[in-house]
>>> print(open('protein_24.txt').read())   # compact mmCIF, C-alpha atoms
# COMPACT_ATOMS: atom_id res chain seq x y z
CA MET A 534 14.16 -25.51 11.79
CA ARG A 535 11.23 -23.86 13.54
CA ARG A 536 13.36 -20.72 13.93
CA PHE A 537 13.46 -20.27 10.16
CA PHE A 538 10.41 -21.88 8.60
CA ALA A 539 6.76 -21.37 9.51
CA ASP A 540 5.87 -22.62 12.98
CA THR A 541 3.20 -25.23 12.28
CA ARG A 542 2.50 -26.27 15.88
CA PRO A 543 -1.00 -24.65 15.86
CA LEU A 544 -1.99 -27.04 13.05
CA ALA A 545 -1.69 -29.93 15.52
CA ILE A 546 -4.81 -28.53 17.25
CA PRO A 547 -7.85 -29.94 15.37
CA ALA A 548 -10.11 -26.91 15.88
CA TYR A 549 -7.50 -24.48 14.59
CA ARG A 550 -6.60 -26.80 11.71
CA ARG A 551 -10.22 -26.84 10.53
CA SER A 552 -10.42 -23.07 10.84
CA PHE A 553 -7.16 -22.68 8.91
CA LEU A 554 -8.31 -24.87 6.02
CA GLY A 555 -11.75 -23.24 5.93
CA GLN A 556 -10.22 -19.77 5.86
CA GLY A 557 -7.90 -20.76 3.03
CA THR A 558 -10.72 -21.99 0.79
CA ALA A 559 -12.94 -19.03 1.70
CA VAL A 560 -10.31 -16.44 0.74
CA VAL A 561 -9.75 -18.05 -2.67
CA GLY A 562 -13.49 -17.96 -3.33
CA MET A 563 -13.88 -14.44 -1.98
CA MET A 564 -11.12 -13.16 -4.27
CA ILE A 565 -12.71 -14.90 -7.26
CA THR A 566 -15.89 -12.94 -6.62
CA ALA A 567 -13.97 -9.74 -5.82
CA VAL A 568 -12.46 -9.88 -9.32
CA THR A 569 -15.59 -11.11 -11.11
CA VAL A 570 -17.94 -8.41 -9.80
CA PRO A 571 -16.07 -5.38 -11.22
CA VAL A 572 -15.42 -7.19 -14.49
CA GLN A 573 -19.12 -8.00 -14.85
CA LEU A 574 -20.11 -4.45 -13.92
CA TYR A 575 -17.82 -3.04 -16.59
CA ASP A 576 -19.11 -5.59 -19.11
CA LEU A 577 -22.66 -4.40 -18.42
CA THR A 578 -22.07 -0.64 -18.26
CA ARG A 579 -18.71 0.14 -19.91
CA SER A 580 -18.29 2.65 -17.09
CA SER A 581 -15.32 2.81 -14.74
CA LEU A 582 -17.42 5.10 -12.53
CA VAL A 583 -19.84 2.25 -11.83
CA VAL A 584 -16.90 -0.05 -11.12
CA GLY A 585 -15.54 2.55 -8.68
CA LEU A 586 -18.93 2.75 -6.97
CA SER A 587 -18.65 -0.93 -6.11
CA GLY A 588 -15.70 -0.09 -3.84
CA VAL A 589 -17.63 2.68 -2.05
CA VAL A 590 -20.73 0.50 -1.75
CA GLY A 591 -18.58 -2.23 -0.23
CA LEU A 592 -16.78 0.05 2.24
CA LEU A 593 -19.75 1.66 3.99
CA PRO A 594 -21.27 -1.62 5.28
CA VAL A 595 -17.82 -2.71 6.50
CA VAL A 596 -17.56 0.43 8.65
CA VAL A 597 -21.08 0.13 10.09
CA PHE A 598 -21.27 -3.63 10.54
CA GLY A 599 -17.62 -3.96 11.55
CA LEU A 600 -18.30 -1.92 14.68
CA TYR A 601 -21.76 -3.32 15.39
CA GLY A 602 -20.73 -6.85 14.51
CA GLY A 603 -17.92 -6.64 17.04
CA ALA A 604 -20.43 -5.68 19.73
CA ILE A 605 -22.63 -8.62 18.75
CA ALA A 606 -19.62 -10.96 18.87
CA ASP A 607 -19.16 -10.21 22.57
CA ALA A 608 -22.83 -10.79 23.42
CA VAL A 609 -23.56 -14.09 21.63
CA ASP A 610 -21.86 -17.40 20.90
CA ARG A 611 -19.18 -16.39 18.39
CA ARG A 612 -19.31 -19.68 16.53
CA LYS A 613 -23.02 -19.19 15.82
CA LEU A 614 -22.43 -15.57 14.81
CA VAL A 615 -19.72 -16.52 12.33
CA LEU A 616 -21.83 -19.38 10.98
CA VAL A 617 -24.89 -17.17 10.45
CA SER A 618 -23.00 -14.22 8.94
CA SER A 619 -20.97 -16.54 6.70
CA SER A 620 -24.18 -18.21 5.57
CA VAL A 621 -25.48 -14.80 4.51
CA SER A 622 -22.35 -14.30 2.40
CA TRP A 623 -22.86 -17.74 0.88
CA VAL A 624 -26.49 -16.95 -0.01
CA VAL A 625 -25.36 -13.69 -1.65
CA THR A 626 -22.84 -15.64 -3.73
CA LEU A 627 -25.67 -17.94 -4.84
CA ALA A 628 -27.72 -14.84 -5.74
CA LEU A 629 -24.82 -13.49 -7.82
CA LEU A 630 -24.67 -16.88 -9.56
CA ALA A 631 -28.43 -16.81 -10.19
CA GLN A 632 -28.42 -13.30 -11.69
CA SER A 633 -25.60 -14.29 -13.99
CA LEU A 634 -27.30 -17.48 -15.18
CA ALA A 635 -30.63 -15.67 -15.63
CA GLU A 636 -28.89 -12.82 -17.49
CA VAL A 637 -30.67 -10.21 -15.37
CA ARG A 638 -28.09 -7.57 -16.45
CA SER A 639 -28.82 -5.21 -13.53
CA PRO A 640 -25.85 -3.24 -12.13
CA ALA A 641 -28.07 -1.98 -9.28
CA LEU A 642 -28.83 -5.55 -8.20
CA ILE A 643 -25.14 -6.48 -8.24
CA LEU A 644 -24.22 -3.39 -6.19
CA GLY A 645 -26.96 -4.20 -3.69
CA LEU A 646 -25.68 -7.74 -3.31
CA VAL A 647 -22.13 -6.42 -2.86
CA ALA A 648 -23.36 -4.18 -0.02
CA VAL A 649 -25.06 -7.09 1.77
CA GLN A 650 -22.03 -9.33 1.31
CA SER A 651 -19.69 -6.64 2.65
CA GLY A 652 -21.79 -6.23 5.76
CA SER A 653 -21.91 -9.96 6.44
CA PHE A 654 -18.16 -10.19 5.85
CA ALA A 655 -17.52 -7.47 8.45
CA VAL A 656 -19.58 -9.30 11.06
CA SER A 657 -17.92 -12.67 10.39
CA ALA A 658 -14.43 -11.10 10.38
CA SER A 659 -15.05 -9.60 13.82
CA GLY A 660 -16.17 -12.97 15.14
CA ARG A 661 -13.33 -14.97 13.56
CA GLY A 662 -10.67 -12.66 14.94
CA ALA A 663 -12.12 -12.98 18.43
CA ILE A 664 -12.28 -16.78 18.15
CA LEU A 665 -8.65 -17.48 17.24
CA PRO A 666 -7.18 -16.87 20.75
CA LEU A 667 -9.71 -19.39 22.06
CA LEU A 668 -8.42 -22.10 19.72
CA VAL A 669 -4.72 -22.05 20.63
CA PRO A 670 -2.64 -21.34 23.76
CA ALA A 671 -1.58 -17.71 24.21
CA ASP A 672 2.06 -18.43 23.35
CA LEU A 673 1.00 -19.85 19.98
CA VAL A 674 -1.20 -16.89 18.98
CA PRO A 675 1.58 -15.19 16.90
CA ALA A 676 2.35 -18.47 15.09
CA ALA A 677 -1.35 -19.09 14.45
CA ASN A 678 -1.76 -15.58 13.06
CA ALA A 679 1.30 -16.06 10.85
CA LEU A 680 -0.19 -19.23 9.39
CA SER A 681 -3.59 -17.58 8.91
CA TYR A 682 -2.11 -14.55 7.18
CA THR A 683 0.01 -16.78 4.95
CA VAL A 684 -2.92 -18.84 3.72
CA SER A 685 -4.99 -15.66 3.26
CA THR A 686 -2.27 -14.01 1.18
CA LEU A 687 -1.87 -17.16 -0.88
CA GLY A 688 -5.61 -17.09 -1.48
CA GLN A 689 -5.39 -13.45 -2.56
CA VAL A 690 -2.88 -14.50 -5.22
CA LEU A 691 -4.62 -17.69 -6.38
CA GLY A 692 -8.15 -16.25 -6.39
CA PRO A 693 -7.58 -13.61 -9.11
CA LEU A 694 -5.65 -16.14 -11.22
CA VAL A 695 -8.53 -18.62 -11.05
CA ALA A 696 -11.02 -15.82 -11.75
CA GLY A 697 -9.07 -14.75 -14.82
CA VAL A 698 -9.21 -18.28 -16.25
CA LEU A 699 -12.91 -18.83 -15.47
CA ILE A 700 -14.10 -15.43 -16.73
CA GLY A 701 -12.45 -16.11 -20.07
CA LEU A 702 -14.55 -19.25 -20.61
CA PRO A 703 -18.08 -19.33 -22.08
CA GLY A 704 -20.49 -18.44 -19.28
CA GLY A 705 -17.46 -17.33 -17.30
CA PHE A 706 -19.25 -15.09 -14.78
CA GLY A 707 -21.50 -17.97 -13.73
CA LEU A 708 -18.55 -20.35 -13.49
CA ALA A 709 -16.66 -17.90 -11.27
CA TYR A 710 -19.57 -17.38 -8.87
CA ALA A 711 -20.19 -21.13 -8.78
CA ALA A 712 -16.56 -21.75 -7.85
CA ASP A 713 -16.88 -19.27 -4.97
CA ALA A 714 -20.07 -20.98 -3.78
CA VAL A 715 -18.41 -24.42 -3.75
CA LEU A 716 -15.30 -23.16 -1.94
CA PHE A 717 -17.41 -21.28 0.59
CA THR A 718 -19.34 -24.45 1.36
CA ALA A 719 -16.10 -25.98 2.64
CA SER A 720 -15.57 -22.94 4.84
CA LEU A 721 -19.09 -23.21 6.29
CA TYR A 722 -18.48 -26.86 7.12
CA ALA A 723 -15.24 -25.97 8.92
CA THR A 724 -17.04 -23.28 10.94
CA ALA A 725 -19.87 -25.64 11.85
CA ARG A 726 -17.31 -28.12 13.26
CA LEU A 727 -15.84 -25.55 15.66
CA PRO A 728 -16.72 -25.95 19.34
CA SER A 729 -19.21 -23.68 21.05
CA PHE A 730 -17.54 -20.85 22.98
CA GLY A 731 -20.45 -19.53 25.00
CA VAL A 732 -21.01 -15.81 25.56
CA ALA A 733 -17.96 -13.66 26.33
CA ASP A 734 -19.89 -10.80 27.96
CA GLY A 735 -23.06 -12.19 29.48
CA LEU A 736 -24.16 -8.77 30.75
CA GLY A 737 -23.44 -6.95 27.52
CA ARG A 738 -26.03 -5.85 24.98
CA PRO A 739 -25.11 -4.96 21.40
CA GLY A 740 -25.61 -1.28 20.70
CA LEU A 741 -24.03 2.15 20.80
CA LYS A 742 -23.23 1.92 24.51
CA SER A 743 -21.44 -1.38 23.97
CA ILE A 744 -19.44 0.05 21.04
CA VAL A 745 -18.47 3.11 23.08
CA GLU A 746 -17.23 0.85 25.88
CA GLY A 747 -14.89 -0.87 23.43
CA LEU A 748 -13.65 2.44 22.03
CA ARG A 749 -13.08 3.75 25.56
CA PHE A 750 -10.95 0.69 26.35
CA LEU A 751 -8.96 1.29 23.16
CA GLY A 752 -8.39 4.97 23.98
CA GLY A 753 -7.32 4.20 27.54
CA ASN A 754 -4.61 1.68 26.64
CA PRO A 755 -1.51 3.16 24.93
CA VAL A 756 -0.18 -0.28 23.91
CA LEU A 757 -3.31 -1.11 21.96
CA MET A 758 -3.80 2.44 20.71
CA MET A 759 -0.27 2.63 19.31
CA SER A 760 -0.61 -0.74 17.57
CA PHE A 761 -3.57 0.76 15.68
CA ALA A 762 -1.88 4.14 15.14
CA VAL A 763 1.32 2.84 13.53
CA ASP A 764 -0.76 0.62 11.25
CA ILE A 765 -2.94 3.55 10.17
CA ALA A 766 0.17 5.66 9.51
CA ALA A 767 1.64 2.91 7.32
CA MET A 768 -1.55 2.50 5.31
CA VAL A 769 -2.34 6.19 4.84
CA LEU A 770 1.17 7.61 4.34
CA ALA A 771 3.05 4.74 2.69
CA THR A 772 0.56 2.79 0.57
CA PRO A 773 1.56 3.19 -3.10
CA GLU A 774 -0.98 1.02 -4.99
CA ALA A 775 -2.96 3.97 -6.36
CA LEU A 776 0.21 5.17 -8.09
CA PHE A 777 1.05 1.84 -9.77
CA PRO A 778 -0.80 2.62 -13.04
CA GLN A 779 1.02 5.96 -13.38
CA ALA A 780 4.35 4.35 -12.54
CA ALA A 781 3.81 1.63 -15.13
CA ALA A 782 2.81 4.15 -17.81
CA THR A 783 5.46 6.83 -17.19
CA ARG A 784 8.48 4.88 -15.96
CA PHE A 785 8.32 1.26 -16.98
CA ASP A 786 6.49 1.14 -20.35
CA GLY A 787 3.87 -1.13 -18.85
CA GLY A 788 4.50 -3.87 -16.32
CA VAL A 789 1.71 -3.00 -13.91
CA GLY A 790 1.13 -6.70 -13.12
CA PRO A 791 4.47 -7.27 -11.34
CA LEU A 792 3.91 -4.12 -9.28
CA TYR A 793 0.57 -5.33 -7.98
CA SER A 794 1.76 -8.88 -7.26
CA ALA A 795 5.10 -8.03 -5.60
CA ILE A 796 3.74 -7.07 -2.18
CA ALA A 797 1.67 -10.26 -1.95
CA ALA A 798 4.70 -12.30 -3.02
CA GLY A 799 6.74 -10.74 -0.21
CA SER A 800 4.03 -11.58 2.31
CA ILE A 801 3.95 -15.22 1.22
CA LEU A 802 7.74 -15.45 1.44
CA ALA A 803 7.69 -13.96 4.94
CA GLY A 804 4.98 -16.41 5.95
CA LEU A 805 7.03 -19.38 4.84
CA LEU A 806 9.99 -18.08 6.85
CA SER A 807 8.00 -16.96 9.90
CA GLY A 808 9.24 -19.48 12.47
CA TRP A 809 11.02 -16.76 14.46
CA ILE A 810 7.94 -14.54 14.91
CA GLY A 811 6.52 -16.32 17.95
CA GLY A 812 9.81 -16.02 19.85
CA VAL A 813 9.88 -12.21 19.86
CA ARG A 814 8.91 -10.74 23.22
CA ARG A 815 9.13 -6.99 22.50
CA GLN A 816 6.25 -6.96 20.05
CA GLY A 817 5.79 -3.19 20.16
CA VAL A 818 9.38 -2.69 18.99
CA ALA A 819 9.01 -5.42 16.37
CA LEU A 820 5.80 -3.88 15.02
CA THR A 821 7.42 -0.44 14.82
CA LEU A 822 10.53 -1.72 13.03
CA ALA A 823 8.38 -3.68 10.57
CA VAL A 824 6.48 -0.51 9.66
CA VAL A 825 9.79 1.38 9.31
CA VAL A 826 11.14 -1.29 6.94
CA TRP A 827 7.89 -1.20 4.95
CA SER A 828 8.04 2.59 4.63
CA ALA A 829 11.78 2.67 3.83
CA ALA A 830 11.41 0.10 1.06
CA ILE A 831 8.48 2.05 -0.40
CA ALA A 832 10.39 5.34 -0.14
CA VAL A 833 13.46 4.05 -1.97
CA ALA A 834 11.34 2.37 -4.66
CA GLY A 835 9.73 5.70 -5.52
CA PHE A 836 13.06 7.12 -6.70
CA LEU A 837 13.99 4.22 -9.01
CA HIS A 838 13.37 3.77 -12.73
CA SER A 839 14.17 0.05 -12.96
CA LEU A 840 11.01 -2.07 -12.84
CA TRP A 841 12.65 -5.14 -11.32
CA ALA A 842 14.51 -3.12 -8.69
CA VAL A 843 11.18 -1.61 -7.66
CA VAL A 844 9.55 -5.05 -7.64
CA LEU A 845 12.33 -6.37 -5.39
CA LEU A 846 11.80 -3.52 -2.93
CA LEU A 847 8.05 -4.10 -2.98
CA VAL A 848 8.70 -7.76 -2.12
CA VAL A 849 10.71 -6.54 0.90
CA ALA A 850 7.88 -4.17 1.78
CA GLY A 851 5.36 -7.02 1.53
CA ALA A 852 7.44 -9.16 3.89
CA ALA A 853 7.60 -6.30 6.40
CA ASP A 854 3.86 -5.74 6.06
CA PHE A 855 3.27 -9.41 6.88
CA VAL A 856 5.32 -9.10 10.08
CA SER A 857 3.50 -5.94 11.16
CA ALA A 858 0.11 -7.54 10.44
CA VAL A 859 0.91 -10.57 12.58
CA TYR A 860 2.09 -8.50 15.54
CA ARG A 861 -0.73 -5.96 15.51
CA GLN A 862 -3.25 -8.82 15.46
CA ALA A 863 -1.38 -10.76 18.15
CA ILE A 864 -1.21 -7.70 20.43
CA LEU A 865 -4.94 -7.14 20.04
CA GLN A 866 -5.88 -10.77 20.64
CA THR A 867 -3.72 -11.23 23.74
CA PHE A 868 -3.99 -7.74 25.27
CA VAL A 869 -7.76 -7.29 25.10
CA PRO A 870 -9.98 -9.14 27.64
CA ASP A 871 -12.16 -11.79 26.04
CA ARG A 872 -15.39 -9.97 26.89
CA LEU A 873 -14.24 -6.96 24.78
CA ARG A 874 -12.32 -8.79 22.08
CA GLY A 875 -15.14 -8.83 19.54
CA ARG A 876 -15.66 -5.07 19.76
CA LEU A 877 -11.96 -4.32 19.33
CA GLN A 878 -11.77 -6.83 16.50
CA GLY A 879 -14.61 -4.90 14.87
CA VAL A 880 -12.58 -1.69 15.09
CA PHE A 881 -9.64 -3.60 13.65
CA THR A 882 -11.78 -4.75 10.70
CA VAL A 883 -12.79 -1.15 9.96
CA VAL A 884 -9.18 0.09 10.16
CA VAL A 885 -7.75 -2.69 7.98
CA ASN A 886 -10.39 -2.18 5.28
CA GLY A 887 -10.65 1.61 5.46
CA GLY A 888 -6.97 2.54 5.88
CA PRO A 889 -5.79 1.44 2.40
CA ARG A 890 -8.67 3.32 0.77
CA LEU A 891 -7.65 6.50 2.61
CA GLY A 892 -4.09 5.80 1.47
CA ASP A 893 -5.25 5.56 -2.14
CA LEU A 894 -7.07 8.88 -1.76
CA ARG A 895 -4.02 10.53 -0.20
CA ALA A 896 -1.67 9.22 -2.90
CA GLY A 897 -3.94 10.29 -5.74
CA PHE A 898 -4.47 13.77 -4.32
CA MET A 899 -0.76 14.31 -3.67
CA ALA A 900 0.21 13.09 -7.14
CA ALA A 901 -2.23 15.54 -8.70
CA ALA A 902 -1.31 18.46 -6.45
CA THR A 903 2.47 17.97 -6.19
CA THR A 904 4.72 15.44 -7.93
CA PHE A 905 4.70 11.69 -8.39
CA THR A 906 7.93 11.22 -6.39
CA LEU A 907 6.68 13.33 -3.49
CA ALA A 908 3.39 11.43 -3.41
CA TRP A 909 5.18 8.06 -3.44
CA SER A 910 8.42 8.60 -1.51
CA GLY A 911 7.93 11.84 0.42
CA ALA A 912 4.91 10.56 2.33
CA ALA A 913 6.71 7.29 3.10
CA VAL A 914 9.66 9.18 4.61
CA LEU A 915 7.21 11.20 6.69
CA CYS A 916 5.67 7.91 7.86
CA ILE A 917 9.05 6.72 9.19
CA ALA A 918 9.50 9.90 11.23
CA VAL A 919 5.94 9.89 12.58
CA VAL A 920 5.99 6.21 13.57
CA LEU A 921 9.41 6.33 15.28
CA VAL A 922 8.62 9.46 17.29
CA ALA A 923 5.18 8.22 18.32
CA ALA A 924 6.31 4.70 19.23
CA VAL A 925 9.29 5.77 21.31
CA SER A 926 7.19 8.42 23.06
CA ALA A 927 4.61 5.84 24.12
CA ARG A 928 6.82 4.06 26.63
CA SER A 929 4.37 1.32 27.57
CA PHE A 930 4.07 0.37 23.90
CA TRP A 931 7.83 0.53 23.25
CA ARG A 932 8.55 -1.59 26.32
CA TYR A 933 5.65 -4.00 25.85
CA ASP A 934 6.77 -7.57 26.61
CA ALA A 935 4.28 -10.12 25.27
CA ARG A 936 5.62 -12.97 27.40
CA GLU A 937 5.34 -10.97 30.61
CA HIS A 938 1.81 -9.92 29.68
CA VAL A 939 0.76 -13.54 29.05
CA ARG A 940 2.31 -14.54 32.39
CA GLU A 941 0.30 -11.84 34.17
CA LEU A 942 -2.90 -13.11 32.58
CA THR A 943 -2.25 -16.66 33.69
>>> encode(input="protein_24.txt", output="structure tokens")
Amino acid sequence: MRRFFADTRPLAIPAYRRSFLGQGTAVVGMMITAVTVPVQLYDLTRSSLVVGLSGVVGLLPVVVFGLYGGAIADAVDRRKLVLVSSSVSWVVTLALLAQSLAEVRSPALILGLVAVQSGSFAVSASGRGAILPLLVPADLVPAANALSYTVSTLGQVLGPLVAGVLIGLPGGFGLAYAADAVLFTASLYATARLPSFGVADGLGRPGLKSIVEGLRFLGGNPVLMMSFAVDIAAMVLATPEALFPQAAATRFDGGVGPLYSAIAAGSILAGLLSGWIGGVRRQGVALTLAVVVWSAAIAVAGFLHSLWAVVLLLVVAGAADFVSAVYRQAILQTFVPDRLRGRLQGVFTVVVNGGPRLGDLRAGFMAAATTFTLAWSGAAVLCIAVVLVAAVSARSFWRYDAREHVRELT
């Protein structure tokens, strides 16, 4: 049965199990706040521009602190780093709760708190990604990532639903922030129970030189570089979310909700049926094919005028995106030496958070300058060609055998 359904063996390891449960509760809370903040900003200002600024304000700290936080993660005890940075996020959530209860009504204060929370999230994400390979054996890293991505995606679905219910109640903003604070408390407890991991790079010092060392390692390893490159291509060239409102208005007479939820639904389905993922040795090939399936499903969907046919293809795309996410994370966590893992995880955090925003910009610009179909499907077809040519050309990536690599390390 393990070949078909999610491989749950990592959950037998107490440290990973605590991390898994803590991550699940944290993502639900984080998504509650992610929905509540823009709704409150619009309620205060009646300006979509201010709501849009919250995304920009949140992105810049992720870029800066994602890179620097990764360097810190290699120079200190990662458990302590995650605990401290997560505590900062928790304090910010309490501040959001306080401003709501006190009816401060200050958009500038909310945006400032969003910036601080984004920076602390980037640091903790770099540390958490570097910790996971220390919790489970190398051969269980893909299965552990599959479980982690599944619970995160489930949280991304449940969080907005809970937020929608709470915001609609009297004092809804305060209730939503309070729910996030309670859920995050459980995550902090799980982090505090993790073992100490010591310092990965005892000679390293956080700073520009340390960051450059990580980037130099990335640039000098085609396997790792290609795992980042195919992911960036998928996000920039074949991410359609920015076009969903136009599609709903011009093709489907509404129905934007199913479009936005379909990709997440596909990821959850893939997670439940992910037992086979850990048995794949040629992870470079698997990652490439997953991106091709993602792009092909997106490309075909852009030509259709049936809402439910498009939703079905987006579910397929979401499943493929889940597979690619698991493999790109597994390659990073097993290929990179422990002393550099935090820095590369920091780069990964920047790419994962910045790539979709670049994709939204690309899609919006193309739709305005050309046609809707070209912006949706044409770029996705280009993504297939770019990814296949690049992956096959990088022979070490195309031939990468995860099992052989793990054997060499041991």
>>> residues_around(input="protein_24.txt", residues="range 656-667 of chain A", least_positions_apart="2", cutoff="7 Å", atoms="all atoms listed in the file", output="PDB file with C-alpha atoms, in the coordinates of the input")
ATOM      1  CA  PHE A 598     -21.270  -3.630  10.540  1.00  0.00           C
ATOM      2  CA  GLY A 599     -17.620  -3.960  11.550  1.00  0.00           C
ATOM      3  CA  GLY A 602     -20.730  -6.850  14.510  1.00  0.00           C
ATOM      4  CA  GLY A 603     -17.920  -6.640  17.040  1.00  0.00           C
ATOM      5  CA  ALA A 606     -19.620 -10.960  18.870  1.00  0.00           C
ATOM      6  CA  ARG A 611     -19.180 -16.390  18.390  1.00  0.00           C
ATOM      7  CA  LEU A 614     -22.430 -15.570  14.810  1.00  0.00           C
ATOM      8  CA  VAL A 615     -19.720 -16.520  12.330  1.00  0.00           C
ATOM      9  CA  SER A 618     -23.000 -14.220   8.940  1.00  0.00           C
ATOM     10  CA  SER A 619     -20.970 -16.540   6.700  1.00  0.00           C
ATOM     11  CA  GLY A 652     -21.790  -6.230   5.760  1.00  0.00           C
ATOM     12  CA  SER A 653     -21.910  -9.960   6.440  1.00  0.00           C
ATOM     13  CA  PHE A 654     -18.160 -10.190   5.850  1.00  0.00           C
ATOM     14  CA  VAL A 669      -4.720 -22.050  20.630  1.00  0.00           C
ATOM     15  CA  ALA A 671      -1.580 -17.710  24.210  1.00  0.00           C
ATOM     16  CA  VAL A 674      -1.200 -16.890  18.980  1.00  0.00           C
ATOM     17  CA  GLN A 866      -5.880 -10.770  20.640  1.00  0.00           C
ATOM     18  CA  ARG A 874     -12.320  -8.790  22.080  1.00  0.00           C
ATOM     19  CA  GLY A 875     -15.140  -8.830  19.540  1.00  0.00           C
ATOM     20  CA  GLN A 878     -11.770  -6.830  16.500  1.00  0.00           C
ATOM     21  CA  GLY A 879     -14.610  -4.900  14.870  1.00  0.00           C
ATOM     22  CA  THR A 882     -11.780  -4.750  10.700  1.00  0.00           C
TER      23      THR A 882
END
>>> residues_around(input="protein_24.txt", residues="range 716-727 of chain A", least_positions_apart="2", cutoff="6 Å", atoms="all atoms listed in the file", output="VMD selection string")
chain A and resid 548 551 to 552 555 558 to 559 562 713 to 714
>>> closest_residue(input="protein_24.txt", among="A:Thr566, A:Thr683, A:Thr626, A:Gln632", to="Ala803 in chain A", atoms="only C-alpha atoms")
A:Thr683
>>> residues_around(input="protein_24.txt", residues="Val818 in chain A", least_positions_apart="3", cutoff="12 Å", atoms="all atoms listed in the file", output="PyMOL selection string")
chain A and resi 756+759-760+763+813-815+821-825+856-857+860-861+864+920-921+923-925+927-935
>>> write_last_selection(input="protein_24.txt", atoms="C-alpha atoms", output="PDB file, keeping the file's coordinate frame")
ATOM      1  CA  VAL A 756      -0.180  -0.280  23.910  1.00  0.00           C
ATOM      2  CA  MET A 759      -0.270   2.630  19.310  1.00  0.00           C
ATOM      3  CA  SER A 760      -0.610  -0.740  17.570  1.00  0.00           C
ATOM      4  CA  VAL A 763       1.320   2.840  13.530  1.00  0.00           C
ATOM      5  CA  VAL A 813       9.880 -12.210  19.860  1.00  0.00           C
ATOM      6  CA  ARG A 814       8.910 -10.740  23.220  1.00  0.00           C
ATOM      7  CA  ARG A 815       9.130  -6.990  22.500  1.00  0.00           C
ATOM      8  CA  THR A 821       7.420  -0.440  14.820  1.00  0.00           C
ATOM      9  CA  LEU A 822      10.530  -1.720  13.030  1.00  0.00           C
ATOM     10  CA  ALA A 823       8.380  -3.680  10.570  1.00  0.00           C
ATOM     11  CA  VAL A 824       6.480  -0.510   9.660  1.00  0.00           C
ATOM     12  CA  VAL A 825       9.790   1.380   9.310  1.00  0.00           C
ATOM     13  CA  VAL A 856       5.320  -9.100  10.080  1.00  0.00           C
ATOM     14  CA  SER A 857       3.500  -5.940  11.160  1.00  0.00           C
ATOM     15  CA  TYR A 860       2.090  -8.500  15.540  1.00  0.00           C
ATOM     16  CA  ARG A 861      -0.730  -5.960  15.510  1.00  0.00           C
ATOM     17  CA  ILE A 864      -1.210  -7.700  20.430  1.00  0.00           C
ATOM     18  CA  VAL A 920       5.990   6.210  13.570  1.00  0.00           C
ATOM     19  CA  LEU A 921       9.410   6.330  15.280  1.00  0.00           C
ATOM     20  CA  ALA A 923       5.180   8.220  18.320  1.00  0.00           C
ATOM     21  CA  ALA A 924       6.310   4.700  19.230  1.00  0.00           C
ATOM     22  CA  VAL A 925       9.290   5.770  21.310  1.00  0.00           C
ATOM     23  CA  ALA A 927       4.610   5.840  24.120  1.00  0.00           C
ATOM     24  CA  ARG A 928       6.820   4.060  26.630  1.00  0.00           C
ATOM     25  CA  SER A 929       4.370   1.320  27.570  1.00  0.00           C
ATOM     26  CA  PHE A 930       4.070   0.370  23.900  1.00  0.00           C
ATOM     27  CA  TRP A 931       7.830   0.530  23.250  1.00  0.00           C
ATOM     28  CA  ARG A 932       8.550  -1.590  26.320  1.00  0.00           C
ATOM     29  CA  TYR A 933       5.650  -4.000  25.850  1.00  0.00           C
ATOM     30  CA  ASP A 934       6.770  -7.570  26.610  1.00  0.00           C
ATOM     31  CA  ALA A 935       4.280 -10.120  25.270  1.00  0.00           C
TER      32      ALA A 935
END
>>> closest_residue(input="protein_24.txt", among="A:Leu616, A:Leu673, A:Leu691, A:Ala797", to="Gly812 in chain A", atoms="only C-alpha atoms")
A:Leu673
>>> residues_around(input="protein_24.txt", residues="range 766-775 of chain A", least_positions_apart="3", cutoff="6 Å", atoms="all atoms listed in the file", output="number ranges by chain")
A: 763, 828, 888-889, 891-893, 912-913, 916
>>> closest_residue(input="protein_24.txt", among="A:Leu644, A:Leu630, A:Val560, A:Leu792", to="Pro594 in chain A", atoms="only C-alpha atoms")
A:Leu644
>>> atom_distance(input="protein_24.txt", atom1="CA of Ala852 in chain A", atom2="CA of Gly790 in chain A")
18.3 Å
>>> residues_around(input="protein_24.txt", residues="Pro640 in chain A", least_positions_apart="3", cutoff="8 Å", atoms="all atoms listed in the file", output="list of chain:residue names")
A:Leu574, A:Leu577, A:Thr578, A:Ile643, A:Leu644
>>> closest_residue(input="protein_24.txt", among="A:Ala676, A:Val914, A:Leu757, A:Leu668", to="Val880 in chain A", atoms="all atoms listed in the file")
A:Leu757
>>> residues_near_point(input="protein_24.txt", point="(-0.1, -7.6, 2.8)", cutoff="6 Å", atoms="all atoms listed in the file", output="VMD selection string")
chain A and resid 797 800 851 854 to 855
>>> atom_distance(input="protein_24.txt", atom1="CA of Val849 in chain A", atom2="CA of Ala781 in chain A")
19.3 Å
>>> residues_near_point(input="protein_24.txt", point="(2.4, 8.6, -13.8)", cutoff="10 Å", atoms="all atoms listed in the file", output="NGL selection string")
:A and (776-785 or 900-901 or 904-906)
>>> atom_distance(input="protein_24.txt", atom1="CA of Gly701 in chain A", atom2="CA of Leu554 in chain A")
27.8 Å
>>> closest_residue(input="protein_24.txt", among="A:Val596, A:Ala850, A:Ala628, A:Leu894", to="Ser651 in chain A", atoms="only C-alpha atoms")
A:Val596
